[in-house]
Structures are given as structure tokens and as C-alpha cells.
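Report on the structure given below.
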Amino acid sequence: MTTRDPRQRTVVRGGLVITAADELHADVLIEGERVTALAATGSAAAEAWTAGTVIDATGHYVIPGGVDAHTHMELPFGGTAASDTFETGTRAAAWGGTTTIVDFAVQPVGGALREGLDTWHAKAEGNCAIDYAFHTIVSDVNDAVLKEMDTLVDSGESTSFKLFMAYPGVFYSDDGRILRAMQRGAANGGLTMMHAENGIAIDVLVEQALAAGRTAPRHHGEVRRELLEAEATHRAIKLAQVAGSPLYVVHVSAASALDELARARDAGLPVFGETCPQYLFLSTDNLAEPGFEGAKYVCSTPLRPREHQEALWRGLRTDDLQVVSTDHCPFCYVGQKELGRGDFSKIPNGLPGVENRMDLLHQAVVDGRISRRRWIEIACTAPARMFGLHPRKGTIAPGADADLVVYDPTAVQTVSAATHHMNVDYSAYEGRQLTGRARTVLSRGTVVLDDGRWLGRAGHGTFLRRDTCHYLT
Ligand code: URP
Ligand code: ZN
Ligand code: ZN
């Protein structure tokens, strides 16, 4: 919607606009829900703009709202459910400068993809503070499901499908099912997302560990061997090659799994990889924290020894990894993680992080690990392109949704469960000091957060239909 009525216009003045491509001192004109123009700060064009709302961004960055392409709000898992609802989780995301999430609708085993999507629409509709979209978790590949995939890609309701080589008896698919789903993706343009861990072998190691009395949280990391992530990643790549399909490997944590991706990309295959803040900032040292504290860090793929972090940062710099998402899947320590006291295999898998991702990655800019533009690329632009949301999301350009963050690069914060907005009783980054913080957040032209004041509302967020992956066209 464009308007000549200045009362419905907003101008963001005086900030350093950062996109994946450029950094420029520019003012941004917003009309209704969209960005309509950028002009150099102080230029005659920018000075001529009149607006009902003027946001002063002097001394701040103006960046696209973050796109978190991997969240699990209210996911039923391990006899409980992720503790953030779509309402609390999307509000927390916005506090952290993320304005779009892509969550996973789960196909019930024996049911249809449609059933999973209907359930997820019912959970999200009217509750989200920011825009949202859905991938589909395919837990039961059959002929009817393959046909449904075509329909979902055509309509844009879900153009990416996650399969699991892990979790036998829950989400697991064998190689034949995976191949069939990939072949369908090759034909209809859908993107196969893979949880690459050899779950059959892992289950043997879990059984042996428990029988030997190795029941503490740190054994979760030990049985989910790096080799079994690398092996599954290699197998997924080969299956995708046989099917002629693209592949996106989620939550890459092991250096050797990343090596497999790099090799495939060097060979020119359409293979992509995502890692998550927990693998960049946390390690097996956290899993080994005293008592039962390590349960807070149980997720799959698991945290790895510190040395892997360097490899992941390098992969982000060299574009062997394209995206950083959170895999936000929070479970409270009290009453949820505790389900696994005395048996690490019963600890619900997942970490909170949707509120922390943009700031943790900005800290990597401060620390000299990545450039500012690469920060925006891996956190906003690449996920939007990967999942068919660009240029509506993930950038600042005429025609894009006015999802903007006025970011204070000098604000210092100490991360804590006492002050975060996620509905979970601990922070995986408790006590960590970070430089940088979202000051003002706009979602489709509406200010939802300003200077520590929440102005958003549940129901503002709309469901997004998506194109297919833009890296393939
Ligand atoms: O531990 C994790 N990652 N929990 C969420 C489910 C998944 O595999 O992404
Ligand atoms: Zn997974
Ligand atoms: Zn996940």
C-alpha cells in the first residue's frame, strides 16, 4: 500500500543502513506496510519527505528484521511440549530484532501433511506478534503425502520439507523414503531439509551407555558421535545427488559434517547448510556442567568440543554455511528438562534462543569474526532467499515489507533469564555480556518495540506464503 497522506508515512532518519550488499548513510521512507524509498541522509530528496512519524536513527544501524528460519513453538516432544507458544515466542523474537519466523508443522504419523499444517495454523493464527511461515516435517512418506507436497509447493503454503535420519520411531525416515521425498522435491521445486544424524546407530549407543550406568546429560553428547553426523550428512548428499534434488542440512554442529558440505559445494552440487548460535557459542563444556545443569544444553545435533566452533565460523565466512537459525525449542529446566534425571535419553531435546540470535551474531561482528554485511546476510537475507521470502523479507529496498530494526551497536547488555522474554526458566547464555541491542523494531511498518517498551500485539503477525528456494533459479 502506498499513500500520499504524510500521516501514514514514517521516515527513519540518519542511520547507517546495512544490507547484505551495502552500507550507506540513508533515510528510509515507509508508506503503509512497505518501504517505498531510500535516499542519502541530508539529500534534497530525503529532506523533502514529510511524514507523520519520524524515527531518529542517528548513531544507530538500520537493518532488516531478522529472519529465523528454524523455530519450534509449542512442539510436542519427548512427552512434553516446547514452552514458548506462538504468542510468547514471536514476542520474544521481536524483542531480539527478529521479525519473521519459519516454524515446522509436524505431519502426524499415519496422517496427512494437511493435518499437521491445520494444527499449526490453529496454534499460530491470531497469536503471532510478527509474520510467520511454515516448513513441513514429513514423518511418514507415502504416495498420498508425495502428492500433497506438490500441492503445498504450488500454493506456497509450504515449499520446504524436513526429513529425519534421527529419532527412530518418532520422525525417522529410512533411506528409501528419503529418496522418494527428494525425488519429489527435484520434480516440484520443494527444498528438502535434513536432520542428518544416524539415529539407528545412535540408539544402539544410547542403550549401551544407559546399561553401563552412563546416564548424565554429558553422555547425550558422547553417544551422538560426530562421525554419525558426518556419515548421515554424506549419505544425505549422495541421496540428493541420486534424486537430482537440492538439499539443506539443518543444525550442522560437527566440523567433519561441514567438510562434507564444503566438498559437495565445491563439486557444484545445490547443497546448503545451516548452523545455530548454540554451536558457535556453546560446547560440550556446558553439557558437562555439574549436577544436572548440563540438561539445559541437551539438543540434537549435540553441542561439540570447542574446536568445532572455529570450523563453523570459517564455514560462515567462506559461505560453506549460508544461514544461522536458532532451532529455538525451549523446555523449562524445572519440570521439563528434569524428565531426564537418571536417563539422559529422556531429556527433551532443544534450546531457547530466538531472542538472542541477532545480538549473539552482532557480538561476532564486534569480535571481528564476521563483517556487518555478512551478519545481515546469514541472519536476514540468506534465510529469506533460501525459503522464498525475499525480497519481501530480509532486505531494505523499495517494495520490501517495512520490517526494520534500529539497532544500537554500542548498547551493552547482560543476557539473563531474569530479563529475557522467552517463556523458559533459564538462559543458555546466562551472564554473557553482549554489545549491541535492538532499540526500535518495526513489523510491516508498525512499531512493535521502542526503547524497551513493548507496543506490539498478538495477531499483528500474518501467515506468509512462499516461493521456492531462490538459490536454485
Ligand atoms: O534438539 C533439537 N534440535 N530439538 C528440536 C527438534 C529438531 O531436531 O530440530
Ligand atoms: Zn532436527
Ligand atoms: Zn529443529
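The way I read the labels, and the way they are meant: chains A, B, ... in the order of the C-alpha cells, residue 1 as the first residue of every chain, and ligand 1 as the first ligand shown, with later ones counted on from there.
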Inset, instruction - Just list the residues in segment 36-141 of chain A DSSP gives alpha helix (DSSP H) on the backbone, as a PyMOL selection string. - result: chain A and resi 44-48+86-95+113-124
Legend entry - Contacts of Thr192 of chain A at 8 Å (only C-alpha atoms; same-chain gap of 4+ positions) as a list in words: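 Returned residues: Ser160, Phe161, Lys162, Leu163, Ala181, Met182, Gly185, Ser245, Pro246, Leu247 and Tyr248 of chain A.
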Once you have the residues from the selection above, write them out as a CSV table (one decimal), in the first residue's frame, restricted to N, CA and C atoms.
```csv
chain,number,residue,atom,x,y,z
A,160,SER,N,9.2,-26.2,1.7
A,160,SER,CA,10.3,-26.9,2.2
A,160,SER,C,9.9,-28.0,3.2
A,161,PHE,N,10.6,-29.1,3.2
A,161,PHE,CA,10.1,-30.3,3.9
A,161,PHE,C,11.3,-30.9,4.6
A,162,LYS,N,11.1,-31.1,5.9
A,162,LYS,CA,12.2,-31.6,6.8
A,162,LYS,C,12.0,-33.1,7.0
A,163,LEU,N,13.1,-33.8,6.7
A,163,LEU,CA,13.1,-35.3,7.0
A,163,LEU,C,14.2,-35.6,8.0
A,181,ALA,N,11.1,-38.9,-1.2
A,181,ALA,CA,10.7,-37.5,-1.0
A,181,ALA,C,11.6,-36.5,-1.7
A,182,MET,N,12.9,-36.9,-1.8
A,182,MET,CA,13.8,-36.0,-2.6
A,182,MET,C,13.5,-36.0,-4.0
A,185,GLY,N,10.9,-33.6,-4.5
A,185,GLY,CA,11.4,-32.2,-4.4
A,185,GLY,C,12.1,-31.8,-5.7
A,245,SER,N,18.1,-33.6,-6.5
A,245,SER,CA,17.4,-32.6,-5.7
A,245,SER,C,18.4,-31.7,-4.9
A,246,PRO,N,17.9,-30.5,-4.6
A,246,PRO,CA,18.7,-29.7,-3.7
A,246,PRO,C,18.6,-30.2,-2.3
A,247,LEU,N,19.5,-29.8,-1.4
A,247,LEU,CA,19.5,-30.3,0.0
A,247,LEU,C,19.9,-29.1,0.9
A,248,TYR,N,19.2,-29.0,2.0
A,248,TYR,CA,19.6,-28.0,3.1
A,248,TYR,C,19.7,-28.8,4.4
```
Inset, instruction - Write as an NGL selection string the residues around ligand 3, taking 12 Å as the cut-off and counting only C-alpha atoms and all ligand atoms. - result: :A and (68-73 or 75-77 or 82 or 102-106 or 135-137 or 162-164 or 166 or 171 or 193-196 or 249-252 or 274-276 or 299-302 or 325-330 or 349-353)
Inset, instruction - Could you jot down the atom CA of Tyr297 of chain A to atom CA of Pro168 of chain A separation for me, Å, one decimal place? - result: 21.7 Å
Inset, instruction - Tell me, in Å to one decimal, how far atom CA of Leu258 of chain A is from atom CA of Leu321 of chain A. - result: 7.9 Å
Inset, instruction - Kindly indicate which residue among A:Ala255, A:Met149, A:Ile200, A:Val324 lies nearest to Ala186 of chain A, using only C-alpha atoms for the distances. - result: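 When distances to Ala186 of chain A are compared using only C-alpha atoms, the smallest one comes from A:Met149.
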Inset, instruction - Could you give me the residues within segment 49-200 of chain A that DSSP places in strand (DSSP E or B), as a PyMOL selection string? - result: chain A and resi 53-56+61-64+66-71+76-77+80-81+98-106+131-137+160-164+172+191-195
Inset, instruction - Excluding segment 428-431 of chain A and any residue of its chain fewer than 2 positions from it, enumerate the residues within 10 Å of it, using only C-alpha atoms, and give them as a list in words. - result: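 Listed by chain and then number, they are Gln278, Phe281, Leu282, Asn286, Lys296, Tyr297, Pro330, Leu351, Pro352, Gly353, Asn356, Leu360, Gln413, Thr414, Val415, Ser416, Ala417, Ala418, Tyr426, Gln433 and Leu434 of chain A.
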Inset, instruction - Measuring atom to atom with only C-alpha atoms, identify which of A:Ala295, A:Ile237, A:Ala201, A:Leu261 is nearest to His220 of chain A. - result: A:Ala295
